[in-house]
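So the structure is just underneath, and the comments pick up after that.
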Amino acid sequence: MQREVTSGSPVSFKLSDAICPSVEQALRQMTPDVELCGEVVFFSDHGEERAHFAIISAAGIDTPLIVPVSRLELMESRSERENHAARPESAAPLSDDVTRTHRHDRRE
């Protein structure tokens, strides 16, 4: 059974699915604080520090992104989400934070 979308529910969608503002307007209004999700393709070292950076493929962005591993939040995989959705209703309910299993401090 799929969870009901309520006020405050974490959701994802394609920018092209938004009906207002237009895609062009939304792109012009984006700031560097936009949060993205993607998949780690491989890691890169930083001097003697191994796997310091993650090279990430993000849907909708034509080039890989390089991000310090310390700045990433680990999210539930698609198969894990599907397994949760297939659980019987008697199973423990998912918490609102189930998709975010690692939190990091954001620099302000």
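How things are named: the first chain in the structure tokens is A, the next is B, and so on; residues count from 1 in each chain; ligands count from 1 in the order shown.
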* Name the residues of segment 20-71 of chain A that fall into strand (DSSP E or B) according to DSSP on the backbone, using the chain letters and numbers of this document, as a PyMOL selection string. => chain A and resi 39-46+49-57+65-68
With N, CA and C atoms retained, export the selected residues as a short mmCIF file (atom, residue, chain, number, x, y, z; two decimals), in the first residue's frame.
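New file part_32.cif:
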```
data_model
loop_
_atom_site.label_atom_id
_atom_site.label_comp_id
_atom_site.auth_asym_id
_atom_site.auth_seq_id
_atom_site.Cartn_x
_atom_site.Cartn_y
_atom_site.Cartn_z
N GLU A 39 23.28 9.02 -8.09
CA GLU A 39 23.91 7.75 -7.77
C GLU A 39 25.42 7.89 -7.85
N VAL A 40 26.09 7.38 -6.83
CA VAL A 40 27.56 7.41 -6.83
C VAL A 40 28.05 6.47 -7.91
N VAL A 41 28.88 7.00 -8.82
CA VAL A 41 29.45 6.22 -9.90
C VAL A 41 30.79 5.63 -9.46
N PHE A 42 31.62 6.44 -8.84
CA PHE A 42 32.89 5.99 -8.28
C PHE A 42 33.43 7.06 -7.35
N PHE A 43 34.58 6.79 -6.74
CA PHE A 43 35.17 7.70 -5.77
C PHE A 43 36.51 8.19 -6.28
N SER A 44 36.95 9.33 -5.74
CA SER A 44 38.24 9.90 -6.08
C SER A 44 38.96 10.27 -4.80
N ASP A 45 40.26 10.10 -4.83
CA ASP A 45 41.09 10.42 -3.66
C ASP A 45 41.40 11.91 -3.64
N HIS A 46 41.88 12.37 -2.48
CA HIS A 46 42.33 13.74 -2.30
C HIS A 46 43.67 13.66 -1.61
N GLU A 49 44.31 11.06 1.23
CA GLU A 49 42.98 10.66 1.73
C GLU A 49 42.21 9.93 0.64
N ARG A 50 41.95 8.64 0.88
CA ARG A 50 41.26 7.81 -0.10
C ARG A 50 39.75 8.07 -0.08
N ALA A 51 39.13 7.99 -1.25
CA ALA A 51 37.67 8.11 -1.40
C ALA A 51 37.11 9.37 -0.73
N HIS A 52 37.80 10.47 -0.90
CA HIS A 52 37.37 11.74 -0.31
C HIS A 52 36.19 12.35 -1.09
N PHE A 53 36.21 12.17 -2.40
CA PHE A 53 35.16 12.72 -3.26
C PHE A 53 34.34 11.60 -3.88
N ALA A 54 33.04 11.86 -4.09
CA ALA A 54 32.18 10.94 -4.83
C ALA A 54 31.87 11.58 -6.17
N ILE A 55 31.93 10.80 -7.22
CA ILE A 55 31.53 11.26 -8.55
C ILE A 55 30.12 10.72 -8.72
N ILE A 56 29.18 11.64 -8.96
CA ILE A 56 27.76 11.32 -8.91
C ILE A 56 27.09 11.61 -10.24
N SER A 57 26.25 10.68 -10.66
CA SER A 57 25.39 10.86 -11.83
C SER A 57 24.02 11.26 -11.31
N LEU A 65 28.80 15.04 -11.29
CA LEU A 65 29.09 16.03 -10.26
C LEU A 65 30.10 15.43 -9.27
N ILE A 66 31.04 16.23 -8.82
CA ILE A 66 32.02 15.79 -7.83
C ILE A 66 31.67 16.46 -6.51
N VAL A 67 31.44 15.63 -5.49
CA VAL A 67 30.97 16.13 -4.19
C VAL A 67 31.78 15.47 -3.09
N PRO A 68 32.22 16.25 -2.08
CA PRO A 68 32.90 15.60 -0.94
C PRO A 68 31.95 14.58 -0.29
#
```
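Here atom CA of Ile19 of chain A is placed at a distance of 27.8 Å from atom CA of Glu76 of chain A.
Candidate residues A:Val11, A:Ala58, A:Ser16, A:Glu35 were compared for distance to Arg71 of chain A, and the nearest is A:Glu35, using only C-alpha atoms.
For the pair atom CA of Glu24 of chain A and atom CA of Ser9 of chain A, the interatomic distance is 25.8 Å.
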* Please, which residues of segment 1-92 of chain A, numbered as in this document, come out alpha helix (DSSP H) from DSSP, as JSON, numbers by chain? -> {"A": [23, 24, 25, 26, 27, 28, 29, 78, 79, 80, 81, 82, 83, 84, 85, 86]}
Export, as a short mmCIF file (atom, residue, chain, number, x, y, z; two decimals), in the first residue's frame, the selected residues with N, CA and C atoms.
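What landed in part.cif:
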```cif
data_model
loop_
_atom_site.label_atom_id
_atom_site.label_comp_id
_atom_site.auth_asym_id
_atom_site.auth_seq_id
_atom_site.Cartn_x
_atom_site.Cartn_y
_atom_site.Cartn_z
N VAL A 23 9.36 25.74 -16.51
CA VAL A 23 10.70 25.19 -16.32
C VAL A 23 11.74 26.30 -16.45
N GLU A 24 11.59 27.13 -17.46
CA GLU A 24 12.55 28.21 -17.68
C GLU A 24 12.59 29.17 -16.49
N GLN A 25 11.41 29.53 -15.97
CA GLN A 25 11.35 30.43 -14.81
C GLN A 25 11.98 29.76 -13.58
N ALA A 26 11.68 28.50 -13.37
CA ALA A 26 12.22 27.78 -12.22
C ALA A 26 13.74 27.70 -12.30
N LEU A 27 14.28 27.42 -13.48
CA LEU A 27 15.74 27.35 -13.63
C LEU A 27 16.40 28.69 -13.34
N ARG A 28 15.76 29.77 -13.76
CA ARG A 28 16.32 31.11 -13.49
C ARG A 28 16.28 31.44 -12.00
N GLN A 29 15.34 30.87 -11.27
CA GLN A 29 15.17 31.18 -9.85
C GLN A 29 15.94 30.24 -8.92
N ARG A 78 16.04 2.27 -4.42
CA ARG A 78 14.73 1.99 -5.02
C ARG A 78 14.22 0.62 -4.57
N SER A 79 15.07 -0.41 -4.55
CA SER A 79 14.62 -1.74 -4.14
C SER A 79 14.20 -1.76 -2.67
N GLU A 80 14.92 -1.00 -1.83
CA GLU A 80 14.52 -0.91 -0.41
C GLU A 80 13.16 -0.24 -0.28
N ARG A 81 12.92 0.82 -1.07
CA ARG A 81 11.62 1.50 -1.03
C ARG A 81 10.52 0.56 -1.49
N GLU A 82 10.79 -0.22 -2.55
CA GLU A 82 9.79 -1.16 -3.05
C GLU A 82 9.51 -2.24 -2.02
N ASN A 83 10.55 -2.71 -1.32
CA ASN A 83 10.35 -3.72 -0.28
C ASN A 83 9.49 -3.17 0.84
N HIS A 84 9.71 -1.91 1.23
CA HIS A 84 8.88 -1.29 2.27
C HIS A 84 7.44 -1.19 1.79
N ALA A 85 7.22 -0.82 0.54
CA ALA A 85 5.87 -0.65 0.01
C ALA A 85 5.15 -1.99 -0.05
N ALA A 86 5.88 -3.09 -0.22
CA ALA A 86 5.27 -4.41 -0.34
C ALA A 86 4.99 -5.05 1.02
#
```
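Nearest residue to Gly60 of chain A, choosing from A:Gly38, A:Asp17, A:Met30, A:Ser22 and counting only C-alpha atoms: A:Gly38.
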